[in-house]
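So this block is model-v3.txt, compact mmCIF, C-alpha atoms (C1' of nucleotides):
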```
# COMPACT_ATOMS: atom_id res chain seq x y z
CA MET A 126 26.55 -53.54 18.42
CA GLU A 127 27.78 -55.69 15.57
CA ASN A 128 31.45 -55.28 15.06
CA ALA A 129 32.13 -54.36 11.48
CA GLU A 130 35.90 -54.42 11.15
CA GLY A 131 36.94 -57.57 12.91
CA THR A 132 39.43 -56.21 15.39
CA VAL A 133 37.92 -56.65 18.81
CA PRO A 134 40.21 -55.94 21.74
CA ASN A 135 41.45 -59.17 23.33
CA ARG A 136 40.32 -58.09 26.75
CA LEU A 137 36.79 -57.90 25.48
CA ARG A 138 36.84 -60.91 23.19
CA ALA A 139 37.74 -63.30 25.97
CA LEU A 140 35.76 -61.75 28.81
CA PRO A 141 33.04 -64.25 29.72
CA SER A 142 30.64 -61.68 31.06
CA ARG A 143 30.86 -59.73 27.85
CA LEU A 144 30.62 -62.78 25.67
CA ILE A 145 27.50 -63.88 27.49
CA ASN A 146 26.01 -60.44 27.21
CA HIS A 147 26.75 -60.33 23.52
CA VAL A 148 25.04 -63.63 22.85
CA ALA A 149 22.13 -62.60 25.06
CA THR A 150 21.67 -59.43 23.03
CA SER A 151 21.54 -61.42 19.80
CA ALA A 152 19.16 -63.90 21.34
CA ASN A 153 16.88 -61.22 22.65
CA ARG A 154 16.83 -59.48 19.31
CA LEU A 155 15.86 -62.67 17.53
CA VAL A 156 13.21 -63.51 20.09
CA ASP A 157 11.75 -60.03 20.18
CA GLN A 158 11.56 -59.90 16.40
CA ALA A 159 9.75 -63.22 16.24
CA LEU A 160 7.34 -62.32 19.01
CA ALA A 161 6.67 -58.86 17.65
CA ALA A 162 5.17 -60.43 14.54
CA THR A 163 2.40 -61.77 16.78
CA GLY A 164 2.11 -58.62 18.86
CA SER A 165 3.69 -60.34 21.84
CA ARG A 166 6.60 -59.72 24.13
CA ARG A 167 8.80 -61.97 26.20
CA TYR A 168 6.78 -61.33 29.34
CA HIS A 169 3.66 -62.51 27.55
CA TYR A 170 5.25 -65.85 26.84
CA ALA A 171 6.56 -66.23 30.36
CA LEU A 172 3.15 -65.59 31.86
CA LEU A 173 1.28 -67.85 29.52
CA ALA A 174 3.84 -70.59 30.11
CA ALA A 175 3.50 -70.30 33.87
CA LEU A 176 -0.27 -70.39 33.68
CA GLU A 177 -0.33 -73.34 31.34
CA GLU A 178 2.01 -75.42 33.42
CA PHE A 179 0.77 -74.60 36.89
CA GLY A 180 -2.80 -73.56 36.29
CA PRO A 181 -4.59 -70.43 37.46
CA ALA A 182 -2.60 -68.31 39.86
CA SER A 183 -2.52 -64.98 41.60
CA GLN A 184 -0.43 -62.23 40.09
CA ALA A 185 2.01 -62.42 42.96
CA ALA A 186 2.50 -66.14 42.39
CA LEU A 187 3.07 -65.50 38.70
CA GLY A 188 5.72 -62.99 39.60
CA ARG A 189 7.48 -65.46 41.84
CA ARG A 190 7.45 -68.17 39.25
CA THR A 191 8.64 -66.09 36.35
CA GLY A 192 10.96 -63.73 38.19
CA ILE A 193 9.00 -60.79 36.86
CA ASP A 194 8.37 -57.83 39.12
CA ARG A 195 4.84 -57.45 40.50
CA SER A 196 4.40 -54.11 38.83
CA ASP A 197 5.36 -55.52 35.47
CA ILE A 198 2.98 -58.42 35.97
CA VAL A 199 0.15 -55.91 36.22
CA ALA A 200 0.94 -54.41 32.83
CA THR A 201 1.43 -57.79 31.22
CA VAL A 202 -1.85 -59.16 32.52
CA ASN A 203 -3.54 -56.00 31.28
CA GLU A 204 -2.24 -56.57 27.80
CA LEU A 205 -3.02 -60.26 27.73
CA SER A 206 -6.53 -59.81 29.07
CA GLU A 207 -7.26 -57.07 26.55
CA ARG A 208 -6.54 -59.64 23.88
CA GLU A 209 -8.61 -62.16 25.83
CA LEU A 210 -5.71 -64.57 26.14
CA VAL A 211 -6.10 -64.61 29.90
CA GLU A 212 -8.86 -63.71 32.32
CA ARG A 213 -8.38 -61.77 35.52
CA ARG A 214 -11.01 -62.10 38.18
CA PRO A 215 -11.04 -61.50 41.91
CA ASP A 216 -10.39 -64.45 44.20
CA PRO A 217 -13.59 -65.01 46.22
CA THR A 218 -11.64 -66.62 49.05
CA ASP A 219 -9.09 -63.84 49.35
CA ARG A 220 -10.20 -60.44 48.29
CA ARG A 221 -6.68 -59.10 48.00
CA ARG A 222 -5.97 -61.40 45.12
CA ASN A 223 -6.82 -61.73 41.51
CA ILE A 224 -6.92 -65.13 39.92
CA VAL A 225 -5.49 -65.20 36.44
CA THR A 226 -6.58 -67.94 34.08
CA VAL A 227 -5.58 -68.85 30.52
CA THR A 228 -8.36 -68.85 27.97
CA PRO A 229 -8.50 -71.43 25.17
CA ALA A 230 -7.30 -68.70 22.83
CA GLY A 231 -4.44 -68.11 25.23
CA THR A 232 -3.44 -71.74 25.09
CA ARG A 233 -3.52 -71.70 21.32
CA HIS A 234 -1.45 -68.54 21.29
CA LEU A 235 1.09 -70.08 23.64
CA LYS A 236 1.49 -73.04 21.35
CA SER A 237 2.11 -70.85 18.35
CA LEU A 238 4.70 -68.96 20.36
CA ASP A 239 6.26 -72.30 21.28
CA ARG A 240 6.82 -73.05 17.64
CA LEU A 241 8.14 -69.58 16.93
CA LEU A 242 10.59 -69.78 19.80
CA ALA A 243 11.76 -73.25 18.88
CA ASP A 244 12.71 -71.88 15.48
CA VAL A 245 14.56 -69.02 17.10
CA GLN A 246 16.55 -71.35 19.33
CA ASP A 247 17.52 -73.30 16.27
CA GLU A 248 18.62 -70.17 14.48
CA LEU A 249 20.58 -68.98 17.47
CA LEU A 250 22.35 -72.28 17.95
CA THR A 251 22.82 -73.42 14.35
CA SER A 252 26.58 -73.50 14.76
CA LEU A 253 26.34 -76.01 17.60
CA THR A 254 25.62 -79.71 17.48
CA THR A 255 22.86 -81.20 19.57
CA ALA A 256 25.38 -82.43 22.11
CA GLU A 257 26.97 -79.02 22.31
CA ARG A 258 23.64 -77.35 22.83
CA GLU A 259 22.99 -79.64 25.75
CA GLN A 260 26.44 -78.85 27.06
CA LEU A 261 25.76 -75.15 26.84
CA VAL A 262 22.41 -75.45 28.58
CA GLY A 263 24.03 -77.56 31.25
CA LEU A 264 26.79 -75.08 31.93
CA LEU A 265 24.44 -72.13 32.01
CA SER A 266 22.05 -73.98 34.30
CA ARG A 267 24.87 -74.65 36.71
CA ILE A 268 25.61 -70.95 36.84
CA VAL A 269 21.97 -70.11 37.39
CA ASP A 270 21.62 -72.71 40.14
CA HIS A 271 24.66 -71.34 41.87
CA GLN A 272 23.27 -67.83 41.70
CA LEU A 273 20.00 -68.99 43.21
CA ALA A 274 21.81 -70.84 45.96
CA SER A 275 24.19 -68.06 46.88
CA THR A 276 21.87 -65.07 46.53
CA PRO A 277 18.76 -65.53 48.64
CA ASP A 278 17.95 -61.84 48.22
CA ARG A 279 16.73 -61.13 44.70
CA SER A 280 13.29 -61.42 43.22
CA LEU A 281 14.10 -64.98 42.24
CA LEU A 282 14.02 -66.10 45.81
CA GLN A 283 12.05 -69.08 46.84
CA ARG A 284 10.36 -69.85 50.07
CA PRO A 285 12.83 -70.27 52.90
CA PRO A 286 13.08 -74.01 53.72
CA SER A 287 11.93 -73.70 57.31
CA MET B 62 1.39 -72.20 52.38
CA GLU B 63 1.94 -71.92 48.66
CA ASN B 64 4.39 -74.72 48.41
CA ALA B 65 6.51 -74.89 45.28
CA GLU B 66 6.29 -71.31 44.19
CA GLY B 67 9.95 -71.15 43.40
CA THR B 68 9.23 -73.52 40.57
CA VAL B 69 10.07 -72.12 37.21
CA PRO B 70 7.99 -73.31 34.24
CA ASN B 71 9.75 -76.00 32.21
CA ARG B 72 9.34 -74.07 29.00
CA LEU B 73 11.32 -71.24 30.50
CA ARG B 74 13.83 -73.28 32.42
CA ALA B 75 15.07 -75.10 29.34
CA LEU B 76 14.83 -72.29 26.81
CA PRO B 77 18.39 -71.45 25.79
CA SER B 78 17.65 -67.86 24.88
CA ARG B 79 16.12 -67.28 28.27
CA LEU B 80 18.85 -69.10 30.10
CA ILE B 81 21.46 -67.02 28.36
CA ASN B 82 19.60 -63.85 29.10
CA HIS B 83 19.28 -64.79 32.73
CA VAL B 84 22.98 -65.40 33.13
CA ALA B 85 23.75 -62.22 31.22
CA THR B 86 21.58 -60.24 33.60
CA SER B 87 23.44 -61.64 36.59
CA ALA B 88 26.76 -61.01 34.93
CA ASN B 89 25.87 -57.45 34.06
CA ARG B 90 24.67 -56.78 37.56
CA LEU B 91 27.92 -58.05 39.04
CA VAL B 92 30.02 -56.12 36.54
CA ASP B 93 28.07 -52.91 36.95
CA GLN B 94 28.30 -53.12 40.71
CA ALA B 95 32.03 -53.61 40.61
CA LEU B 96 32.58 -50.84 38.10
CA ALA B 97 30.27 -48.43 39.89
CA ALA B 98 32.61 -48.49 42.87
CA THR B 99 35.19 -46.77 40.68
CA GLY B 100 32.70 -44.48 38.97
CA SER B 101 33.00 -46.41 35.73
CA ARG B 102 30.62 -48.13 33.37
CA ARG B 103 31.02 -50.98 30.92
CA TYR B 104 31.51 -48.63 28.00
CA HIS B 105 34.42 -47.00 29.81
CA TYR B 106 36.22 -50.29 30.06
CA ALA B 107 35.54 -51.17 26.44
CA LEU B 108 36.93 -47.87 25.22
CA LEU B 109 39.99 -47.94 27.41
CA ALA B 110 40.67 -51.52 26.35
CA ALA B 111 40.41 -50.65 22.67
CA LEU B 112 42.70 -47.67 23.07
CA GLU B 113 45.26 -49.60 25.07
CA GLU B 114 45.44 -52.46 22.62
CA PHE B 115 45.28 -50.57 19.34
CA GLY B 116 46.57 -47.16 20.26
CA PRO B 117 45.04 -43.76 19.56
CA ALA B 118 42.00 -43.87 17.30
CA SER B 119 39.16 -41.80 15.96
CA GLN B 120 35.79 -42.08 17.65
CA ALA B 121 34.37 -43.85 14.63
CA ALA B 122 37.12 -46.45 14.74
CA LEU B 123 36.50 -46.95 18.44
CA GLY B 124 32.86 -47.54 17.69
CA ARG B 125 33.69 -50.14 15.09
CA ARG B 126 36.05 -51.98 17.36
CA THR B 127 33.86 -52.05 20.42
CA GLY B 128 30.49 -52.35 18.72
CA ILE B 129 29.34 -49.21 20.48
CA ASP B 130 27.18 -46.74 18.61
CA ARG B 131 28.85 -43.51 17.49
CA SER B 132 26.50 -41.41 19.56
CA ASP B 133 27.28 -43.40 22.67
CA ILE B 134 30.99 -43.09 21.98
CA VAL B 135 30.60 -39.33 22.20
CA ALA B 136 29.13 -39.49 25.68
CA THR B 137 31.68 -42.03 26.86
CA VAL B 138 34.63 -40.02 25.59
CA ASN B 139 33.15 -36.98 27.28
CA GLU B 140 33.05 -38.76 30.60
CA LEU B 141 36.51 -40.27 30.28
CA SER B 142 38.10 -37.03 29.21
CA GLU B 143 36.49 -35.14 32.07
CA ARG B 144 38.31 -37.51 34.37
CA GLU B 145 41.43 -37.09 32.27
CA LEU B 146 41.65 -40.78 31.53
CA VAL B 147 41.68 -40.06 27.80
CA GLU B 148 42.44 -37.04 25.67
CA ARG B 149 40.38 -35.93 22.70
CA ARG B 150 42.01 -33.68 20.17
CA PRO B 151 41.30 -32.88 16.54
CA ASP B 152 43.15 -34.85 13.89
CA PRO B 153 45.34 -32.35 12.02
CA THR B 154 45.34 -34.53 8.90
CA ASP B 155 41.56 -34.98 8.77
CA ARG B 156 39.54 -32.24 10.29
CA ARG B 157 36.43 -34.37 10.52
CA ARG B 158 38.08 -36.58 13.08
CA ASN B 159 39.06 -36.47 16.69
CA ILE B 160 41.97 -38.54 17.88
CA VAL B 161 41.40 -40.14 21.23
CA THR B 162 44.42 -41.10 23.33
CA VAL B 163 44.78 -42.85 26.68
CA THR B 164 46.56 -40.91 29.36
CA PRO B 165 48.89 -42.59 31.84
CA ALA B 166 46.12 -42.26 34.41
CA GLY B 167 43.82 -43.97 31.94
CA THR B 168 46.18 -46.90 31.60
CA ARG B 169 46.42 -47.23 35.35
CA HIS B 170 42.66 -47.07 35.63
CA LEU B 171 42.27 -49.74 32.99
CA LYS B 172 44.56 -52.06 34.87
CA SER B 173 42.61 -51.62 38.08
CA LEU B 174 39.43 -52.39 36.15
CA ASP B 175 41.14 -55.48 34.77
CA ARG B 176 41.64 -56.79 38.26
CA LEU B 177 38.11 -55.92 39.27
CA LEU B 178 36.65 -57.68 36.28
CA ALA B 179 38.81 -60.74 36.74
CA ASP B 180 37.35 -61.11 40.20
CA VAL B 181 33.86 -60.74 38.83
CA GLN B 182 34.42 -63.46 36.24
CA ASP B 183 35.60 -65.71 39.00
CA GLU B 184 32.55 -64.99 41.06
CA LEU B 185 30.25 -65.54 38.13
CA LEU B 186 31.83 -68.84 37.18
CA THR B 187 32.68 -70.28 40.60
CA SER B 188 30.51 -73.29 39.98
CA LEU B 189 32.49 -74.26 36.87
CA THR B 190 35.91 -75.86 36.63
CA THR B 191 38.61 -74.25 34.55
CA ALA B 192 37.97 -76.71 31.74
CA GLU B 193 34.27 -75.99 31.84
CA ARG B 194 34.87 -72.27 31.70
CA GLU B 195 36.91 -72.76 28.59
CA GLN B 196 34.18 -74.92 27.17
CA LEU B 197 31.62 -72.25 27.85
CA VAL B 198 33.72 -69.53 26.30
CA GLY B 199 34.31 -71.76 23.30
CA LEU B 200 30.65 -72.47 22.74
CA LEU B 201 29.65 -68.84 23.13
CA SER B 202 32.43 -67.75 20.81
CA ARG B 203 31.18 -70.13 18.17
CA ILE B 204 27.74 -68.56 18.40
CA VAL B 205 29.18 -65.08 18.16
CA ASP B 206 31.33 -65.99 15.18
CA HIS B 207 28.39 -67.48 13.43
CA GLN B 208 26.36 -64.35 14.04
CA LEU B 209 29.10 -62.20 12.62
CA ALA B 210 29.47 -64.42 9.58
CA SER B 211 25.80 -64.78 8.79
CA THR B 212 24.57 -61.32 9.71
CA PRO B 213 24.75 -59.05 6.67
CA ASP B 214 26.51 -56.51 8.85
CA ARG B 215 24.09 -53.79 9.66
CA SER B 216 26.96 -51.41 10.20
CA LEU B 217 27.93 -51.73 6.58
CA LEU B 218 24.39 -51.70 5.33
CA GLN B 219 24.22 -47.97 4.96
CA ARG B 220 22.70 -48.32 1.51
CA PRO B 221 19.37 -46.55 1.26
CA PRO B 222 16.59 -48.67 -0.27
CA SER B 223 16.50 -47.45 -3.85
C1' DG C 43 36.65 -26.09 -10.19
C1' DA C 44 31.76 -28.02 -9.52
C1' DA C 45 28.87 -31.60 -8.15
C1' DC C 46 28.27 -35.50 -5.69
C1' DC C 47 28.72 -38.95 -2.29
C1' DA C 48 30.91 -40.91 1.99
C1' DA C 49 32.54 -40.44 6.50
C1' DT C 50 32.78 -38.04 11.10
C1' DG C 51 31.17 -36.05 15.28
C1' DT C 52 27.22 -34.47 17.62
C1' DT C 53 22.48 -33.80 19.38
C1' DG C 54 18.23 -35.59 20.52
C1' DG C 55 15.15 -39.00 21.02
C1' DC C 56 12.99 -43.59 21.41
C1' DT C 57 11.98 -48.42 23.41
C1' DG C 58 12.23 -52.03 26.65
C1' DA C 59 14.15 -54.42 30.64
C1' DG C 60 14.61 -54.42 35.23
C1' DC C 61 14.07 -52.28 39.12
C1' DC C 62 12.08 -49.69 43.51
C1' DA C 63 9.04 -46.84 46.54
C1' DA C 64 4.68 -45.84 48.10
C1' DC C 65 -0.13 -46.42 48.62
C1' DT C 66 -4.68 -48.95 49.50
C1' DA C 67 -7.15 -52.92 50.72
C1' DT C 68 -7.29 -57.17 52.85
C1' DA C 69 -5.69 -61.18 55.55
C1' DT C 70 -3.39 -63.28 59.36
C1' DA C 71 -0.57 -63.74 63.67
C1' DG C 72 0.19 -62.58 68.39
C1' DC D 154 -7.57 -55.83 69.00
C1' DT D 155 -3.25 -54.58 67.24
C1' DA D 156 0.45 -55.26 64.43
C1' DT D 157 2.42 -57.12 60.58
C1' DA D 158 2.42 -59.26 56.10
C1' DT D 159 0.70 -59.80 51.57
C1' DA D 160 -1.73 -58.36 47.10
C1' DG D 161 -2.51 -55.28 43.44
C1' DT D 162 -1.56 -50.92 41.50
C1' DT D 163 0.59 -46.51 40.08
C1' DG D 164 4.42 -43.97 38.99
C1' DG D 165 8.91 -43.39 38.25
C1' DC D 166 13.92 -44.23 37.52
C1' DT D 167 18.32 -45.88 35.06
C1' DC D 168 20.70 -48.03 31.54
C1' DA D 169 21.57 -50.39 27.13
C1' DG D 170 20.99 -50.28 22.52
C1' DC D 171 19.39 -48.16 18.91
C1' DC D 172 18.12 -44.60 15.03
C1' DA D 173 17.43 -40.19 12.51
C1' DA D 174 19.07 -35.84 11.33
C1' DC D 175 22.39 -32.41 10.80
C1' DA D 176 26.80 -29.78 9.77
C1' DT D 177 31.43 -30.30 8.53
C1' DT D 178 34.94 -32.22 5.95
C1' DG D 179 37.15 -35.48 2.68
C1' DG D 180 37.39 -37.92 -1.58
C1' DT D 181 35.86 -38.82 -6.28
C1' DT D 182 34.29 -37.84 -10.90
C1' DC D 183 33.47 -35.10 -14.57
```

Structure re-expressed in structure tokens:
Amino acid sequence: MENAEGTVPNRLRALPSRLINHVATSANRLVDQALAATGSRRYHYALLAALEEFGPASQAALGRRTGIDRSDIVATVNELSERELVERRPDPTDRRRNIVTVTPAGTRHLKSLDRLLADVQDELLTSLTTAEREQLVGLLSRIVDHQLASTPDRSLLQRPPS
Amino acid sequence: MENAEGTVPNRLRALPSRLINHVATSANRLVDQALAATGSRRYHYALLAALEEFGPASQAALGRRTGIDRSDIVATVNELSERELVERRPDPTDRRRNIVTVTPAGTRHLKSLDRLLADVQDELLTSLTTAEREQLVGLLSRIVDHQLASTPDRSLLQRPPS
DNA sequence: GAACCAATGTTGGCTGAGCCAACTATATAG
DNA sequence: CTATATAGTTGGCTCAGCCAACATTGGTTC
């Protein structure tokens, strides 16, 4: 996807959606490379982060918090529990649910991923000053917030405020 | 009731790479939806745009300009030529090459996609002012430029490890 | 010309993200 | 008690973005 000979069509060069996608592809490649070195994937980080910040949770809750599909949560929890980074056990108070918990090893792993990812962000954004990075994050957050507000349908939906 | 389940973990909410990816996913969904209504895909637009702006070109040149892999160019040209939006004919001066040309119908189609995509950009960026949109494009462009400058161009790295 | 390397188009395949449908078991509301 | 909603799980689907391999042709060097 890297463009070798400079000449990118103007229509493409200036198209925000394409620009965003291009940067996202670079970012994902960097992140995936870094994570792969530890045998992890992006979903692993998302799950560990959710567990660390909000404590033990059902798989469905994890899906809601991370925006990951329920079916993909299953696979991710499988992988993490095989490596004993999380534990999955049935909820005694609701036998439909599993309760997923981070293990100490999981917490340590999360912290090492934190460092890895911080380095990646730095690499991705080297050409921007600190102020510009904040600007970028601000602008993107506004877009995300607007999406969440205007599309109550997707998997990122929250509880209706009733 | 599980109260704040819409809450996204802080680590994820503030992570630029994830933020970018999130917006890119929205953007791609909007774009794909709009294009699907006309039976087109993103690659179709990229190819038509490159042909319109730079004139007839070989498939390899199209790949270089759009960042699309040669093998994917093949499929895309197949689809476009079946709809008679482009023409593929052998280059008489270099029998390895095909020369791909836009047809008048292709040009018309491109222009209708232009309008479609302009609407999508507007929808994606509604929450930003014109100045902010330019800011965003500027910041993203800087990142892209830096990538291009610092990446040792995989497309040119055809040298076998010897 | 012969030998060699580079470029082109093409086929086939691979991985991961992001989905969705359907099923079973369980919980809860009416 | 019945109906509906939720939870976990399995299986599958599409697309983007790659990569390897191959045959054909062009260009270069001796």

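Closest approach to chain C among B:Asp155, B:Glu143, B:Glu113, B:Asp93: B:Asp155, based on all atoms listed in the file.
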
Chain A in the frame of chain B after Cα least-squares fit, as a compact mmCIF listing (two decimals) with C-alpha atoms, in the frame of the given file:
```txt
# COMPACT_ATOMS: atom_id res chain seq x y z
CA MET A 126 14.28 -61.63 39.50
CA GLU A 127 15.60 -64.34 41.78
CA ASN A 128 13.14 -67.11 42.16
CA ALA A 129 12.47 -67.71 45.81
CA GLU A 130 10.29 -70.80 45.91
CA GLY A 131 11.91 -73.17 43.49
CA THR A 132 9.02 -73.94 41.21
CA VAL A 133 9.82 -72.43 37.86
CA PRO A 134 7.50 -73.35 35.01
CA ASN A 135 9.09 -75.95 32.73
CA ARG A 136 8.47 -73.85 29.67
CA LEU A 137 10.61 -71.14 31.15
CA ARG A 138 13.25 -73.31 32.76
CA ALA A 139 14.23 -74.95 29.51
CA LEU A 140 13.83 -72.00 27.16
CA PRO A 141 17.31 -71.14 25.91
CA SER A 142 16.56 -67.51 25.26
CA ARG A 143 15.32 -67.09 28.78
CA LEU A 144 18.15 -69.03 30.30
CA ILE A 145 20.65 -66.89 28.47
CA ASN A 146 18.88 -63.75 29.53
CA HIS A 147 18.83 -64.89 33.12
CA VAL A 148 22.55 -65.56 33.19
CA ALA A 149 23.20 -62.27 31.40
CA THR A 150 21.25 -60.40 34.06
CA SER A 151 23.32 -62.00 36.82
CA ALA A 152 26.50 -61.29 34.93
CA ASN A 153 25.60 -57.69 34.33
CA ARG A 154 24.70 -57.20 37.95
CA LEU A 155 28.02 -58.58 39.09
CA VAL A 156 29.95 -56.53 36.56
CA ASP A 157 28.08 -53.33 37.27
CA GLN A 158 28.58 -53.74 41.00
CA ALA A 159 32.31 -54.25 40.58
CA LEU A 160 32.69 -51.35 38.19
CA ALA A 161 30.55 -49.03 40.26
CA ALA A 162 33.10 -49.27 43.06
CA THR A 163 35.53 -47.47 40.75
CA GLY A 164 32.95 -45.06 39.38
CA SER A 165 32.96 -46.82 36.03
CA ARG A 166 30.42 -48.39 33.76
CA ARG A 167 30.59 -51.10 31.15
CA TYR A 168 30.89 -48.60 28.33
CA HIS A 169 33.94 -47.10 30.01
CA TYR A 170 35.70 -50.43 29.93
CA ALA A 171 34.75 -51.10 26.34
CA LEU A 172 36.10 -47.77 25.19
CA LEU A 173 39.32 -47.98 27.12
CA ALA A 174 39.85 -51.52 25.84
CA ALA A 175 39.34 -50.45 22.24
CA LEU A 176 41.70 -47.53 22.62
CA GLU A 177 44.37 -49.59 24.30
CA GLU A 178 44.32 -52.32 21.71
CA PHE A 179 43.97 -50.27 18.56
CA GLY A 180 45.38 -46.93 19.56
CA PRO A 181 43.84 -43.48 19.15
CA ALA A 182 40.66 -43.43 17.13
CA SER A 183 37.76 -41.27 16.11
CA GLN A 184 34.54 -41.59 18.04
CA ALA A 185 32.84 -43.16 15.06
CA ALA A 186 35.55 -45.81 14.83
CA LEU A 187 35.18 -46.51 18.53
CA GLY A 188 31.49 -47.01 18.02
CA ARG A 189 32.08 -49.47 15.23
CA ARG A 190 34.57 -51.46 17.20
CA THR A 191 32.60 -51.68 20.40
CA GLY A 192 29.10 -51.84 18.96
CA ILE A 193 28.14 -48.80 20.97
CA ASP A 194 25.90 -46.19 19.40
CA ARG A 195 27.54 -42.93 18.33
CA SER A 196 25.40 -40.92 20.67
CA ASP A 197 26.37 -43.06 23.61
CA ILE A 198 30.02 -42.77 22.66
CA VAL A 199 29.72 -39.02 23.08
CA ALA A 200 28.51 -39.34 26.66
CA THR A 201 31.08 -41.97 27.51
CA VAL A 202 33.97 -39.94 26.14
CA ASN A 203 32.66 -36.96 28.10
CA GLU A 204 32.79 -38.91 31.31
CA LEU A 205 36.17 -40.45 30.66
CA SER A 206 37.75 -37.17 29.64
CA GLU A 207 36.37 -35.41 32.70
CA ARG A 208 38.31 -37.93 34.75
CA GLU A 209 41.28 -37.42 32.44
CA LEU A 210 41.39 -41.08 31.48
CA VAL A 211 41.16 -40.16 27.82
CA GLU A 212 41.80 -37.04 25.79
CA ARG A 213 39.57 -35.75 23.04
CA ARG A 214 41.06 -33.41 20.51
CA PRO A 215 40.12 -32.41 16.99
CA ASP A 216 41.75 -34.26 14.12
CA PRO A 217 43.85 -31.70 12.20
CA THR A 218 43.57 -33.72 9.00
CA ASP A 219 39.81 -34.08 9.14
CA ARG A 220 37.94 -31.40 10.93
CA ARG A 221 34.80 -33.47 11.30
CA ARG A 222 36.56 -35.85 13.60
CA ASN A 223 37.81 -35.97 17.11
CA ILE A 224 40.75 -38.14 17.97
CA VAL A 225 40.40 -39.90 21.27
CA THR A 226 43.53 -41.02 23.08
CA VAL A 227 44.11 -42.94 26.31
CA THR A 228 46.12 -41.15 28.96
CA PRO A 229 48.60 -43.01 31.17
CA ALA A 230 46.03 -42.77 33.95
CA GLY A 231 43.53 -44.30 31.57
CA THR A 232 45.80 -47.23 30.91
CA ARG A 233 46.32 -47.77 34.61
CA HIS A 234 42.58 -47.59 35.17
CA LEU A 235 41.96 -50.11 32.42
CA LYS A 236 44.35 -52.54 34.02
CA SER A 237 42.64 -52.26 37.37
CA LEU A 238 39.33 -52.88 35.65
CA ASP A 239 40.90 -55.91 33.98
CA ARG A 240 41.63 -57.40 37.35
CA LEU A 241 38.20 -56.56 38.69
CA LEU A 242 36.50 -58.14 35.71
CA ALA A 243 38.65 -61.25 35.83
CA ASP A 244 37.44 -61.77 39.38
CA VAL A 245 33.86 -61.31 38.28
CA GLN A 246 34.20 -63.88 35.51
CA ASP A 247 35.56 -66.30 38.05
CA GLU A 248 32.66 -65.65 40.38
CA LEU A 249 30.15 -66.02 37.59
CA LEU A 250 31.62 -69.27 36.35
CA THR A 251 32.71 -70.91 39.61
CA SER A 252 30.45 -73.88 38.98
CA LEU A 253 32.20 -74.67 35.71
CA THR A 254 35.56 -76.27 35.10
CA THR A 255 38.12 -74.59 32.91
CA ALA A 256 37.24 -76.89 30.04
CA GLU A 257 33.57 -76.14 30.45
CA ARG A 258 34.20 -72.43 30.47
CA GLU A 259 36.01 -72.75 27.18
CA GLN A 260 33.13 -74.82 25.87
CA LEU A 261 30.66 -72.17 26.89
CA VAL A 262 32.69 -69.38 25.31
CA GLY A 263 33.02 -71.45 22.18
CA LEU A 264 29.32 -72.09 21.87
CA LEU A 265 28.40 -68.49 22.53
CA SER A 266 31.00 -67.28 20.04
CA ARG A 267 29.51 -69.52 17.39
CA ILE A 268 26.13 -67.93 17.98
CA VAL A 269 27.59 -64.45 17.82
CA ASP A 270 29.49 -65.23 14.62
CA HIS A 271 26.35 -66.56 13.04
CA GLN A 272 24.45 -63.44 14.01
CA LEU A 273 27.13 -61.26 12.47
CA ALA A 274 27.14 -63.32 9.31
CA SER A 275 23.40 -63.44 8.85
CA THR A 276 22.49 -59.91 9.93
CA PRO A 277 24.45 -57.35 7.94
CA ASP A 278 22.08 -54.63 9.16
CA ARG A 279 22.72 -53.84 12.81
CA SER A 280 25.22 -51.51 14.39
CA LEU A 281 27.66 -54.39 14.57
CA LEU A 282 28.12 -54.38 10.86
CA GLN A 283 31.52 -54.38 9.35
CA ARG A 284 32.72 -52.94 6.13
CA PRO A 285 31.19 -54.68 3.14
CA PRO A 286 33.88 -56.92 1.55
CA SER A 287 33.86 -55.22 -1.83
```

> Which residues come within 12 Å of Asn139 in chain B, counting all atoms listed in the file, excluding same-chain residues fewer than 2 positions away, as a list of chain:residue names?
Replying inline: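 The filter keeps B:Tyr104, B:His105, B:Leu108, B:Gln120, B:Ser132, B:Asp133, B:Ile134, B:Val135, B:Ala136, B:Thr137, B:Leu141, B:Ser142, B:Glu143, B:Arg144, B:Glu145, B:Leu146, B:Val147, B:Glu148, B:Arg149, B:Arg150, B:Val161, C:DT52.
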
> Suppose you want the space between CA of Phe115 in chain B and CA of Pro134 in chain A; what is it in Å?
Replying inline: 7.8 Å

> What is the distance, in Å and to one decimal place, between CA of Thr168 in chain B and CA of Thr99 in chain B?
Replying inline: 14.3 Å

> What is the distance, in Å and to one decimal place, between CA of Leu109 in chain B and CA of Gly167 in chain B?
Replying inline: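 CA of Gly167 in chain B lies at a distance of 7.1 Å from CA of Leu109 in chain B.
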